[in-house]
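Quick look at model-v6.csv (CSV, C-alpha atoms and all ligand atoms):
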chain,number,residue,atom,x,y,z
D,508,MET,CA,-22.2,3.0,26.5
D,509,THR,CA,-19.1,2.6,28.7
D,510,SER,CA,-15.8,3.6,27.1
D,511,ARG,CA,-13.6,0.8,25.9
D,512,THR,CA,-9.9,0.5,25.8
D,513,GLY,CA,-7.9,-2.0,23.8
D,514,ARG,CA,-9.2,-4.0,20.9
D,515,HIS,CA,-12.6,-5.7,20.7
D,516,PHE,CA,-12.2,-9.5,20.7
D,517,LEU,CA,-14.3,-10.7,17.7
D,518,GLN,CA,-14.2,-14.4,18.6
D,519,ILE,CA,-17.2,-15.5,16.6
D,520,PRO,CA,-16.6,-18.1,13.9
D,521,GLY,CA,-16.8,-15.4,11.2
D,522,PRO,CA,-16.6,-12.6,10.4
D,523,THR,CA,-13.1,-12.9,12.0
D,524,ASN,CA,-10.5,-10.3,13.1
D,525,VAL,CA,-9.2,-8.5,10.1
D,526,PRO,CA,-5.4,-8.0,10.3
D,527,ASP,CA,-4.1,-4.4,10.2
D,528,ARG,CA,-2.1,-5.2,7.1
D,529,VAL,CA,-5.4,-6.1,5.3
D,530,LEU,CA,-7.2,-3.0,6.7
D,531,ARG,CA,-4.4,-0.8,5.4
D,532,ALA,CA,-4.4,-2.5,2.0
D,533,MET,CA,-8.2,-1.9,1.7
D,534,SER,CA,-7.9,1.7,2.6
D,535,ALA,CA,-6.1,2.5,-0.7
D,536,PRO,CA,-8.0,4.7,-3.2
D,537,THR,CA,-10.4,2.7,-5.4
D,538,ILE,CA,-9.0,2.3,-9.0
D,539,ASP,CA,-10.6,2.0,-12.4
D,540,HIS,CA,-11.8,-1.6,-12.7
D,541,ARG,CA,-11.4,-1.4,-16.5
D,542,GLY,CA,-7.8,-0.1,-16.3
D,543,PRO,CA,-4.5,-1.9,-16.7
D,544,GLU,CA,-3.6,-1.8,-13.0
D,545,PHE,CA,-6.8,-3.6,-12.1
D,546,ALA,CA,-6.2,-6.3,-14.8
D,547,GLU,CA,-2.8,-7.0,-13.2
D,548,LEU,CA,-4.4,-7.3,-9.8
D,549,THR,CA,-7.1,-9.7,-11.0
D,550,LEU,CA,-4.7,-12.0,-12.8
D,551,ARG,CA,-2.4,-12.0,-9.7
D,552,LEU,CA,-5.3,-12.9,-7.4
D,553,LEU,CA,-6.7,-15.6,-9.7
D,554,ALA,CA,-3.3,-17.3,-9.7
D,555,ALA,CA,-2.7,-16.8,-5.9
D,556,LEU,CA,-6.1,-18.3,-5.1
D,557,LYS,CA,-5.3,-21.6,-6.8
D,558,PRO,CA,-3.0,-23.0,-4.1
D,559,VAL,CA,-5.5,-22.0,-1.4
D,560,PHE,CA,-8.1,-24.2,-2.9
D,561,ASP,CA,-5.3,-26.5,-4.1
D,562,THR,CA,-6.7,-26.6,-7.7
D,563,GLU,CA,-5.4,-26.1,-11.2
D,564,GLY,CA,-8.9,-25.1,-12.3
D,565,PRO,CA,-10.5,-21.6,-12.4
D,566,VAL,CA,-11.8,-19.8,-9.3
D,567,VAL,CA,-14.7,-17.4,-9.8
D,568,ILE,CA,-14.9,-14.4,-7.4
D,569,TYR,CA,-18.3,-12.7,-6.7
D,570,PRO,CA,-19.1,-9.5,-4.9
D,571,ALA,CA,-21.3,-11.5,-2.5
D,572,SER,CA,-21.6,-13.2,0.8
D,573,GLY,CA,-21.1,-17.0,1.0
D,574,THR,CA,-24.9,-17.5,0.5
D,575,GLY,CA,-24.5,-16.0,-3.0
D,576,ALA,CA,-21.7,-18.5,-3.8
D,577,TRP,CA,-23.9,-21.3,-2.6
D,578,GLU,CA,-26.5,-20.2,-5.2
D,579,ALA,CA,-23.9,-19.9,-7.9
D,580,ALA,CA,-22.8,-23.5,-7.4
D,581,LEU,CA,-26.3,-24.8,-7.7
D,582,VAL,CA,-27.6,-22.6,-10.6
D,583,ASN,CA,-24.6,-23.2,-12.8
D,584,THR,CA,-24.6,-27.0,-12.6
D,585,LEU,CA,-28.2,-28.1,-12.2
D,586,SER,CA,-31.6,-28.0,-14.0
D,587,PRO,CA,-35.2,-27.6,-12.7
D,588,GLY,CA,-36.4,-30.7,-10.9
D,589,ASP,CA,-32.9,-32.3,-10.6
D,590,ARG,CA,-32.5,-34.3,-7.4
D,591,VAL,CA,-29.7,-33.3,-4.9
D,592,LEU,CA,-28.6,-35.2,-1.8
D,593,CYS,CA,-28.0,-33.1,1.3
D,594,PHE,CA,-27.1,-33.9,4.9
D,595,GLU,CA,-28.5,-32.3,8.0
D,596,THR,CA,-25.2,-31.6,9.8
D,597,GLY,CA,-26.4,-28.3,11.3
D,598,HIS,CA,-27.8,-24.9,10.6
D,599,PHE,CA,-25.8,-24.1,7.5
D,600,ALA,CA,-26.4,-27.4,5.8
D,601,THR,CA,-30.1,-26.8,6.5
D,602,LEU,CA,-30.1,-23.4,4.9
D,603,TRP,CA,-28.3,-24.6,1.8
D,604,GLN,CA,-30.8,-27.4,1.2
D,605,ARG,CA,-33.6,-25.0,1.7
D,606,MET,CA,-32.1,-22.8,-1.0
D,607,ALA,CA,-31.9,-25.8,-3.3
D,608,ARG,CA,-35.7,-26.4,-2.7
D,609,ASP,CA,-36.4,-22.7,-3.3
D,610,LEU,CA,-34.6,-22.9,-6.6
D,611,GLY,CA,-36.8,-25.8,-7.8
D,612,LEU,CA,-34.5,-28.7,-7.0
D,613,ARG,CA,-35.8,-31.9,-5.4
D,614,VAL,CA,-33.8,-32.4,-2.2
D,615,THR,CA,-33.3,-35.7,-0.3
D,616,LEU,CA,-32.2,-34.6,3.2
D,617,VAL,CA,-30.5,-37.2,5.3
D,618,PRO,CA,-31.4,-36.3,8.9
D,619,GLY,CA,-28.6,-35.7,11.5
D,620,ASP,CA,-28.3,-34.9,15.2
D,621,TRP,CA,-26.1,-31.7,14.8
D,622,ARG,CA,-23.2,-33.4,16.7
D,623,HIS,CA,-21.8,-35.5,13.8
D,624,GLY,CA,-20.6,-34.9,10.3
D,625,VAL,CA,-21.7,-36.7,7.1
D,626,ASP,CA,-21.4,-40.4,7.4
D,627,PRO,CA,-19.9,-41.8,4.1
D,628,HIS,CA,-22.0,-45.0,4.6
D,629,ASP,CA,-25.1,-42.8,4.2
D,630,VAL,CA,-23.7,-41.4,1.0
D,631,ARG,CA,-23.1,-44.9,-0.3
D,632,ARG,CA,-26.6,-46.1,0.7
D,633,GLU,CA,-28.4,-43.2,-0.9
D,634,LEU,CA,-26.5,-43.4,-4.1
D,635,ASP,CA,-26.8,-47.2,-4.4
D,636,ALA,CA,-30.6,-46.6,-4.1
D,637,ASP,CA,-30.4,-44.5,-7.2
D,638,PRO,CA,-29.2,-46.7,-10.0
D,639,GLY,CA,-30.8,-44.5,-12.7
D,640,GLY,CA,-28.6,-41.6,-11.7
D,641,SER,CA,-31.4,-39.1,-10.9
D,642,VAL,CA,-29.3,-37.5,-8.1
D,643,LYS,CA,-27.3,-34.9,-9.9
D,644,ALA,CA,-25.4,-33.4,-7.0
D,645,VAL,CA,-24.2,-34.3,-3.4
D,646,CYS,CA,-23.9,-31.2,-1.2
D,647,VAL,CA,-21.6,-31.3,1.8
D,648,VAL,CA,-20.6,-28.6,4.3
D,649,HIS,CA,-17.0,-29.4,5.1
D,650,ASN,CA,-16.9,-27.5,8.4
D,651,GLU,CA,-20.4,-27.0,9.9
D,652,THR,CA,-20.0,-23.6,11.5
D,653,SER,CA,-23.1,-24.0,13.7
D,654,THR,CA,-21.7,-27.1,15.5
D,655,GLY,CA,-17.9,-27.2,15.1
D,656,VAL,CA,-18.0,-30.6,13.3
D,657,THR,CA,-16.2,-31.4,10.1
D,658,SER,CA,-17.2,-33.9,7.4
D,659,PRO,CA,-14.7,-36.3,5.7
D,660,VAL,CA,-14.7,-35.0,2.1
D,661,PRO,CA,-12.2,-37.6,0.7
D,662,GLU,CA,-14.2,-40.5,2.2
D,663,ILE,CA,-17.4,-39.0,0.8
D,664,ARG,CA,-15.8,-38.9,-2.6
D,665,ARG,CA,-14.6,-42.5,-2.2
D,666,ALA,CA,-18.2,-43.6,-1.3
D,667,MET,CA,-19.5,-41.8,-4.5
D,668,ASP,CA,-16.9,-43.5,-6.6
D,669,ALA,CA,-17.5,-46.9,-5.0
D,670,ALA,CA,-21.2,-46.5,-5.9
D,671,GLY,CA,-20.2,-45.7,-9.4
D,672,HIS,CA,-22.5,-42.7,-9.3
D,673,PRO,CA,-22.0,-39.7,-11.6
D,674,ALA,CA,-23.4,-37.0,-9.3
D,675,LEU,CA,-21.4,-33.9,-8.8
D,676,LEU,CA,-19.8,-33.2,-5.4
D,677,LEU,CA,-20.4,-29.6,-4.2
D,678,VAL,CA,-18.6,-28.7,-1.0
D,679,ASP,CA,-19.0,-25.6,1.2
D,680,VAL,CA,-15.7,-24.6,2.7
D,681,ILE,CA,-16.8,-21.1,3.9
D,682,SER,CA,-15.5,-21.6,7.4
D,683,SER,CA,-12.6,-24.0,6.6
D,684,LEU,CA,-10.7,-22.5,3.6
D,685,GLY,CA,-7.4,-21.1,4.9
D,686,SER,CA,-8.0,-22.8,8.3
D,687,ILE,CA,-8.4,-26.5,7.7
D,688,ASP,CA,-6.5,-28.7,5.2
D,689,TYR,CA,-8.4,-28.9,1.9
D,690,HIS,CA,-7.7,-30.1,-1.6
D,691,HIS,CA,-10.2,-29.3,-4.3
D,692,ASP,CA,-8.5,-31.3,-7.1
D,693,ALA,CA,-7.0,-34.2,-5.1
D,694,TRP,CA,-10.2,-34.8,-3.2
D,695,GLY,CA,-12.2,-34.9,-6.5
D,696,VAL,CA,-14.5,-32.0,-5.6
D,697,ASP,CA,-16.5,-30.5,-8.5
D,698,VAL,CA,-17.5,-27.1,-7.0
D,699,THR,CA,-16.0,-25.6,-3.9
D,700,VAL,CA,-17.9,-22.8,-2.3
D,701,ALA,CA,-16.1,-20.2,-0.2
D,702,GLY,CA,-16.4,-16.8,1.4
D,703,SER,CA,-14.1,-14.0,2.5
D,704,GLN,CA,-14.9,-13.3,6.1
D,705,LYS,CA,-13.6,-16.4,7.9
D,706,GLY,CA,-10.3,-18.1,7.3
D,707,LEU,CA,-9.3,-15.6,4.6
D,708,MET,CA,-9.3,-12.8,7.3
D,709,LEU,CA,-11.3,-10.3,5.2
D,710,PRO,CA,-14.5,-8.5,5.9
D,711,PRO,CA,-17.6,-10.1,4.5
D,712,GLY,CA,-18.4,-9.4,0.8
D,713,LEU,CA,-16.6,-11.9,-1.4
D,714,GLY,CA,-17.9,-15.3,-2.4
D,715,PHE,CA,-15.9,-17.9,-4.4
D,716,ASN,CA,-16.6,-20.9,-6.6
D,717,ALA,CA,-13.7,-23.2,-7.5
D,718,LEU,CA,-14.6,-25.2,-10.6
D,719,GLY,CA,-13.6,-28.7,-11.6
D,720,PRO,CA,-13.8,-30.0,-15.2
D,721,LYS,CA,-17.0,-32.0,-14.6
D,722,ALA,CA,-18.7,-29.0,-13.1
D,723,LEU,CA,-17.7,-26.9,-16.1
D,724,ALA,CA,-19.0,-29.6,-18.5
D,725,ALA,CA,-22.3,-29.7,-16.5
D,726,SER,CA,-22.6,-25.9,-16.7
D,727,ARG,CA,-22.9,-26.1,-20.5
D,728,THR,CA,-26.3,-27.9,-20.2
D,729,ALA,CA,-27.6,-26.7,-16.8
D,730,ARG,CA,-30.9,-25.0,-17.2
D,731,LEU,CA,-31.7,-23.3,-13.8
D,732,PRO,CA,-32.2,-19.6,-14.5
D,733,LYS,CA,-29.1,-17.4,-13.8
D,734,SER,CA,-27.7,-14.1,-14.9
D,735,PHE,CA,-25.6,-12.4,-12.2
D,736,TRP,CA,-24.2,-15.8,-11.1
D,737,HIS,CA,-23.5,-17.2,-14.5
D,738,TRP,CA,-19.9,-18.5,-14.5
D,739,GLU,CA,-19.3,-18.1,-18.3
D,740,PRO,CA,-19.3,-14.3,-18.6
D,741,VAL,CA,-17.1,-14.1,-15.5
D,742,LEU,CA,-14.6,-16.6,-16.8
D,743,ASP,CA,-14.6,-14.8,-20.2
D,744,ALA,CA,-13.9,-11.4,-18.7
D,745,ASN,CA,-11.4,-12.9,-16.2
D,746,ARG,CA,-9.1,-14.1,-19.0
D,747,HIS,CA,-8.1,-10.5,-19.5
D,748,GLY,CA,-8.2,-9.6,-15.8
D,749,PHE,CA,-11.7,-8.0,-15.8
D,750,PHE,CA,-15.2,-8.7,-14.6
D,751,PRO,CA,-18.6,-8.4,-16.4
D,752,TYR,CA,-19.8,-6.0,-13.7
D,753,THR,CA,-18.2,-3.7,-11.1
D,754,PRO,CA,-16.2,-5.9,-8.7
D,755,ALA,CA,-15.6,-5.2,-5.0
D,756,THR,CA,-12.3,-3.5,-5.8
D,757,ASN,CA,-11.2,-2.6,-2.2
D,758,LEU,CA,-12.0,-6.1,-0.9
D,759,LEU,CA,-9.8,-7.4,-3.7
D,760,PHE,CA,-7.0,-5.2,-2.4
D,761,GLY,CA,-7.6,-6.9,1.0
D,762,LEU,CA,-7.6,-10.3,-0.6
D,763,ASP,CA,-4.3,-9.6,-2.3
D,764,GLU,CA,-2.8,-8.9,1.2
D,765,SER,CA,-4.5,-11.8,3.0
D,766,LEU,CA,-3.3,-14.2,0.3
D,767,ARG,CA,0.2,-12.8,0.8
D,768,MET,CA,0.0,-13.4,4.5
D,769,LEU,CA,-1.2,-17.0,4.1
D,770,ALA,CA,1.7,-17.6,1.7
D,771,GLU,CA,4.2,-16.1,4.1
D,772,GLU,CA,3.1,-18.2,7.0
D,773,GLY,CA,2.7,-21.3,4.7
D,774,LEU,CA,-0.5,-23.2,4.5
D,775,PRO,CA,0.7,-26.3,6.4
D,776,GLN,CA,1.8,-23.9,9.3
D,777,VAL,CA,-1.6,-22.2,9.1
D,778,PHE,CA,-3.4,-25.5,9.4
D,779,ALA,CA,-1.1,-26.6,12.2
D,780,ARG,CA,-1.8,-23.4,14.1
D,781,HIS,CA,-5.5,-23.9,13.8
D,782,THR,CA,-5.3,-27.5,15.0
D,783,ARG,CA,-3.2,-26.5,18.0
D,784,HIS,CA,-5.6,-23.7,19.0
D,785,ALA,CA,-8.6,-26.0,18.6
D,786,THR,CA,-6.9,-28.7,20.8
D,787,ALA,CA,-6.1,-26.1,23.5
D,788,THR,CA,-9.7,-24.8,23.4
D,789,ARG,CA,-11.1,-28.4,23.8
D,790,ALA,CA,-8.7,-28.9,26.7
D,791,ALA,CA,-10.2,-25.7,28.3
D,792,VAL,CA,-13.8,-26.9,27.7
D,793,ARG,CA,-13.1,-30.3,29.3
D,794,GLY,CA,-11.1,-28.7,32.1
D,795,TRP,CA,-14.3,-26.7,32.9
D,796,GLY,CA,-16.2,-30.0,33.1
D,797,LEU,CA,-18.3,-29.1,30.1
D,798,ASP,CA,-19.1,-31.0,26.9
D,799,VAL,CA,-17.8,-30.1,23.4
D,800,LEU,CA,-20.8,-30.2,21.0
D,801,CYS,CA,-18.9,-32.4,18.4
D,802,ALA,CA,-19.5,-36.0,19.5
D,803,ASP,CA,-17.0,-37.6,17.1
D,804,GLU,CA,-13.4,-37.5,18.1
D,805,ARG,CA,-12.3,-37.6,14.4
D,806,ALA,CA,-14.5,-34.7,13.4
D,807,HIS,CA,-13.5,-31.8,15.7
D,808,SER,CA,-13.3,-28.5,13.8
D,809,SER,CA,-10.1,-26.6,13.9
D,810,SER,CA,-11.8,-23.3,13.3
D,811,LEU,CA,-14.4,-23.2,16.1
D,812,THR,CA,-15.5,-25.1,19.2
D,813,GLY,CA,-19.2,-25.5,20.1
D,814,VAL,CA,-19.7,-25.7,23.9
D,815,LEU,CA,-22.8,-27.3,25.4
D,816,LEU,CA,-24.1,-25.6,28.5
D,817,PRO,CA,-25.5,-27.6,31.4
D,818,ASP,CA,-29.3,-27.9,31.5
D,819,GLY,CA,-30.9,-24.8,32.9
D,820,HIS,CA,-28.2,-22.4,31.9
D,821,ASP,CA,-28.5,-19.9,29.1
D,822,ALA,CA,-25.6,-19.6,26.7
D,823,ASP,CA,-26.9,-16.2,25.5
D,824,ARG,CA,-26.7,-14.8,29.0
D,825,VAL,CA,-23.1,-15.9,29.2
D,826,ARG,CA,-22.4,-14.2,25.8
D,827,ARG,CA,-24.1,-11.0,27.0
D,828,ILE,CA,-22.0,-10.9,30.2
D,829,VAL,CA,-18.8,-11.5,28.3
D,830,LEU,CA,-19.7,-8.7,25.8
D,831,ASP,CA,-20.7,-6.2,28.5
D,832,ARG,CA,-17.8,-6.9,30.9
D,833,PHE,CA,-14.9,-7.9,28.6
D,834,ASP,CA,-15.8,-6.5,25.2
D,835,MET,CA,-15.7,-9.9,23.5
D,836,SER,CA,-18.2,-11.3,21.0
D,837,LEU,CA,-18.8,-15.1,21.1
D,838,GLY,CA,-20.9,-17.1,18.6
D,839,ALA,CA,-24.5,-17.8,19.5
D,840,GLY,CA,-26.2,-21.2,19.2
D,841,LEU,CA,-28.0,-21.2,15.9
D,842,GLY,CA,-31.3,-22.8,14.9
D,843,ARG,CA,-32.3,-25.6,17.3
D,844,LEU,CA,-29.1,-25.0,19.4
D,845,ALA,CA,-30.2,-21.4,20.3
D,846,GLY,CA,-29.5,-20.7,24.0
D,847,ARG,CA,-28.0,-24.2,24.6
D,848,VAL,CA,-24.6,-23.7,22.9
D,849,LEU,CA,-22.0,-21.0,22.6
D,850,ARG,CA,-19.4,-21.1,19.9
D,851,ILE,CA,-15.8,-20.0,20.4
D,852,GLY,CA,-14.3,-18.9,17.1
D,853,HIS,CA,-10.5,-19.6,16.8
D,854,LEU,CA,-9.9,-19.1,13.1
D,855,GLY,CA,-8.2,-16.5,11.0
D,856,HIS,CA,-5.8,-13.9,12.5
D,857,LEU,CA,-5.1,-15.3,15.9
D,858,GLY,CA,-2.0,-15.7,18.1
D,859,ASP,CA,-1.5,-17.8,21.3
D,860,LEU,CA,-2.3,-14.9,23.6
D,861,THR,CA,-5.4,-13.9,21.6
D,862,LEU,CA,-6.6,-17.4,22.3
D,863,ALA,CA,-5.5,-17.3,25.9
D,864,GLY,CA,-7.4,-14.0,26.4
D,865,THR,CA,-10.4,-15.5,24.7
D,866,LEU,CA,-10.5,-18.5,26.9
D,867,ALA,CA,-9.9,-16.3,30.0
D,868,GLY,CA,-12.9,-14.2,29.0
D,869,VAL,CA,-15.1,-17.3,28.5
D,870,GLN,CA,-14.1,-18.8,31.9
D,871,MET,CA,-14.9,-15.5,33.7
D,872,GLY,CA,-18.2,-15.3,31.8
D,873,PHE,CA,-19.2,-18.8,33.0
D,874,GLN,CA,-18.2,-17.9,36.5
D,875,LEU,CA,-20.1,-14.6,36.5
D,876,ALA,CA,-23.2,-16.2,35.0
D,877,GLY,CA,-23.2,-18.9,37.7
D,878,VAL,CA,-22.6,-21.7,35.3
D,879,PRO,CA,-21.0,-24.5,37.4
D,880,VAL,CA,-17.5,-24.9,35.9
D,881,ARG,CA,-14.2,-26.1,37.4
D,882,PRO,CA,-11.6,-23.4,37.3
D,883,GLY,CA,-9.0,-25.6,35.7
D,884,GLY,CA,-10.1,-25.0,32.1
D,885,LEU,CA,-7.9,-22.0,31.3
D,886,ASP,CA,-4.8,-23.6,32.9
D,887,ALA,CA,-5.3,-26.8,30.8
D,888,ALA,CA,-5.3,-24.7,27.7
D,889,LEU,CA,-2.3,-22.6,28.8
D,890,GLU,CA,-0.3,-25.8,29.4
D,891,LEU,CA,-0.9,-26.9,25.8
D,892,LEU,CA,-0.1,-23.4,24.5
D,893,ARG,CA,3.2,-23.3,26.4
D,894,ALA,CA,4.3,-26.8,25.2
D,895,PRO,CA,7.0,-26.5,22.5
D,901,LIG,C1,-20.8,-18.3,7.3
D,901,LIG,C2,-21.2,-19.5,6.6
D,901,LIG,C3,-22.2,-19.5,5.6
D,901,LIG,C4,-22.9,-18.3,5.2
D,901,LIG,O1,-22.2,-17.4,4.5
D,901,LIG,P1,-22.7,-15.8,4.5
D,901,LIG,O2,-21.4,-15.1,4.1
D,901,LIG,O3,-23.2,-15.5,5.8
D,901,LIG,O4,-23.7,-15.8,3.4
D,901,LIG,C5,-22.5,-20.7,4.9
D,901,LIG,N1,-21.9,-21.8,5.2
D,901,LIG,C6,-21.0,-21.9,6.2
D,901,LIG,C7,-20.3,-23.2,6.5
D,901,LIG,C8,-20.6,-20.8,6.9
D,901,LIG,O5,-19.7,-20.8,7.9
What's the structure tokens form of this structure?
Amino acid sequence: MTSRTGRHFLQIPGPTNVPDRVLRAMSAPTIDHRGPEFAELTLRLLAALKPVFDTEGPVVIYPASGTGAWEAALVNTLSPGDRVLCFETGHFATLWQRMARDLGLRVTLVPGDWRHGVDPHDVRRELDADPGGSVKAVCVVHNETSTGVTSPVPEIRRAMDAAGHPALLLVDVISSLGSIDYHHDAWGVDVTVAGSQKGLMLPPGLGFNALGPKALAASRTARLPKSFWHWEPVLDANRHGFFPYTPATNLLFGLDESLRMLAEEGLPQVFARHTRHATATRAAVRGWGLDVLCADERAHSSSLTGVLLPDGHDADRVRRIVLDRFDMSLGAGLGRLAGRVLRIGHLGHLGDLTLAGTLAGVQMGFQLAGVPVRPGGLDAALELLRAP
């Protein structure tokens, strides 16, 4: 192991770089999770989370990764044999629908090419074909982290309403919350599923469900087995600032600090910063003469960019070189994109020079790996970063 100086660049699309302020907050001594100081913290957090999801409804916090929060959304709202409608936007959507099958749900999976988001016309067509209302939920990944493609949640909601269909809308915002504009209430989402380690700038270990009124109503009759994930005991205990089991106390200290940071910067500014960094990253990719994986100009992700490598070149080799030479981690191609794609994470705690350094490392990695790129990519990005 060679010795390293400076900070490791963690430019994968989650877990993301944890700010020093958050690390310091998490290093405080663990407190009694049944004491008054903890109750105050919980009540503060539950209030401060609402603007981040943009909801007036309750948010449930789990000591779990995002996958746990996926399961919570399904088991609290659905019953064995219920039909759910899913869309193959990429690796994460594929995993979520597999979980739904494992739980005893009947999944209709609309196939996709892993370069586009959910097409609202597909939503309309599938729901029109279900006049009896046997589809109980539509599951959408807002920002598909395996591809860097977003799906238009408001348009999907409008398609559901136009079909007059009563299915619930469950949305995964694990890699978009706190990075890409999102509105749980205004967009008519029933359950929003989130995690701590991406836009919220925390280590992995917290999962979230934001609950709309229709989801709460459905949870009173949903019959999928649940215990740990059951919303009701959590909501009951949360009223007084507590949890039915030991919460991840120090991650909650971190959350308190990261929510403060998001509020200080202001969510509109946070979203604008992510949009700007994503635009600069795409300028670099195109400047290198490479293709962005997302094939829909309206659907580019602000939190990561997927880069397609020319045929015959191995993305994992580039990633290995960048890690060995420059101490930077980049995202691998997942599932069917393994080896063909690398993913540049630009979400969370990031400044202009962090992005410039990231893109410099990627450019040098391509050159060292013998991938035929034009040298103008980095300059194209710098030009955008330097614009007022
Ligand atoms: C990271 C991620 C997940 C998985 O979350 P874990 O915390 O790894 O369980 C699910 N969906 C999306 C969109 C993600 O980005």
Write out as CSV a residue-level contact list of chain D versus ligand LIG 901 (chain D) with cut-off 6 Å: for each qualifying residue the closest pair of atoms and the distance in Å to one decimal, counting all atoms listed in the file, rows sorted by chain and residue number upward.
residue,atom,partner,partner_atom,distance
D:Ser572,CA,D:LIG901,O2,3.8
D:Gly573,CA,D:LIG901,O2,3.6
D:Thr574,CA,D:LIG901,O4,3.6
D:Phe599,CA,D:LIG901,N1,5.1
D:Val648,CA,D:LIG901,C7,5.8
D:Asn650,CA,D:LIG901,C7,5.8
D:Glu651,CA,D:LIG901,C7,5.1
D:Thr652,CA,D:LIG901,O5,4.6
D:Asp679,CA,D:LIG901,C7,6.0
D:Ile681,CA,D:LIG901,C7,4.8
D:Ser682,CA,D:LIG901,O5,4.3
D:Gly702,CA,D:LIG901,O2,5.9
task = For range 839-848 of chain D, please output as a PyMOL selection string all residues within 9 Å (counting only C-alpha atoms; exclusion window: fewer than 5 positions along the same chain).
result = chain D and resi 519+597-598+621+653-654+800+813-824+826
Write the residues you've just listed into a file as a PDB file, in the frame of the given file, and include C-alpha atoms for each of them.
ATOM      1  CA  ILE D 519     -17.200 -15.500  16.600  1.00  0.00           C
ATOM      2  CA  GLY D 597     -26.400 -28.300  11.300  1.00  0.00           C
ATOM      3  CA  HIS D 598     -27.800 -24.900  10.600  1.00  0.00           C
ATOM      4  CA  TRP D 621     -26.100 -31.700  14.800  1.00  0.00           C
ATOM      5  CA  SER D 653     -23.100 -24.000  13.700  1.00  0.00           C
ATOM      6  CA  THR D 654     -21.700 -27.100  15.500  1.00  0.00           C
ATOM      7  CA  LEU D 800     -20.800 -30.200  21.000  1.00  0.00           C
ATOM      8  CA  GLY D 813     -19.200 -25.500  20.100  1.00  0.00           C
ATOM      9  CA  VAL D 814     -19.700 -25.700  23.900  1.00  0.00           C
ATOM     10  CA  LEU D 815     -22.800 -27.300  25.400  1.00  0.00           C
ATOM     11  CA  LEU D 816     -24.100 -25.600  28.500  1.00  0.00           C
ATOM     12  CA  PRO D 817     -25.500 -27.600  31.400  1.00  0.00           C
ATOM     13  CA  ASP D 818     -29.300 -27.900  31.500  1.00  0.00           C
ATOM     14  CA  GLY D 819     -30.900 -24.800  32.900  1.00  0.00           C
ATOM     15  CA  HIS D 820     -28.200 -22.400  31.900  1.00  0.00           C
ATOM     16  CA  ASP D 821     -28.500 -19.900  29.100  1.00  0.00           C
ATOM     17  CA  ALA D 822     -25.600 -19.600  26.700  1.00  0.00           C
ATOM     18  CA  ASP D 823     -26.900 -16.200  25.500  1.00  0.00           C
ATOM     19  CA  ARG D 824     -26.700 -14.800  29.000  1.00  0.00           C
ATOM     20  CA  ARG D 826     -22.400 -14.200  25.800  1.00  0.00           C
TER      21      ARG D 826
END
Computed interatomic separation between CA of Ala725 in chain D and CA of Trp738 in chain D (Å):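 So the two atoms, CA of Ala725 in chain D and CA of Trp738 in chain D, lie 11.6 Å apart.
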### Interatomic distance, CA of His747 in chain D to CA of Glu544 in chain D (Å, one decimal)
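Spanning CA of His747 in chain D to CA of Glu544 in chain D is a straight-line distance of 11.8 Å.
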**Prompt:** Hey, can you check how far CA of Trp736 in chain D sits from CA of Leu585 in chain D?
**Reply:**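 Interatomic distance, CA of Trp736 in chain D to CA of Leu585 in chain D: 13.0 Å.
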Looking at D:Ala887, D:Met768, D:Leu731, D:Leu707, which one is nearest to Thr788 in chain D, with distances taken over only C-alpha atoms?
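Of D:Ala887, D:Met768, D:Leu731, D:Leu707, the one nearest Thr788 in chain D, counting only C-alpha atoms, is D:Ala887.
Nearest residue to Thr812 in chain D, choosing from D:His628, D:Arg832, D:Arg622, D:His649 and counting all atoms listed in the file: D:Arg622.
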Using all atoms listed in the file: which of D:Thr615, D:Thr596, D:Thr782, D:Thr549 has the shortest distance to Asp763 in chain D
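The answer is D:Thr549, which sits nearest to Asp763 in chain D.
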Pick out the residues sitting within 9 Å of Arg881 in chain D, and hand them over as a ChimeraX atom specification; count all atoms listed in the file, and ignore anything fewer than 5 positions along from it in its own chain.
/D:794-797
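In this comparison, which uses only C-alpha atoms, the residue of D:Gly639, D:Pro627, D:Gly868, D:Pro710 approaching Thr523 in chain D most closely is D:Pro710.
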*asked:* Excluding Ala863 in chain D and its own-chain neighbours fewer than 3 positions away, which residues fall within 9 Å of it when counting only C-alpha atoms? Please give them as a ChimeraX atom specification.
replied: /D:788,858-860,866-868,885,888-889,892
Those residues you just picked out, can you put them in a file as a short mmCIF file (atom, residue, chain, number, x, y, z; two decimals), in the coordinates of the input with C-alpha atoms?
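Full text of again36.cif as output:
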data_model
loop_
_atom_site.label_atom_id
_atom_site.label_comp_id
_atom_site.auth_asym_id
_atom_site.auth_seq_id
_atom_site.Cartn_x
_atom_site.Cartn_y
_atom_site.Cartn_z
CA THR D 788 -9.70 -24.80 23.40
CA GLY D 858 -2.00 -15.70 18.10
CA ASP D 859 -1.50 -17.80 21.30
CA LEU D 860 -2.30 -14.90 23.60
CA LEU D 866 -10.50 -18.50 26.90
CA ALA D 867 -9.90 -16.30 30.00
CA GLY D 868 -12.90 -14.20 29.00
CA LEU D 885 -7.90 -22.00 31.30
CA ALA D 888 -5.30 -24.70 27.70
CA LEU D 889 -2.30 -22.60 28.80
CA LEU D 892 -0.10 -23.40 24.50
#
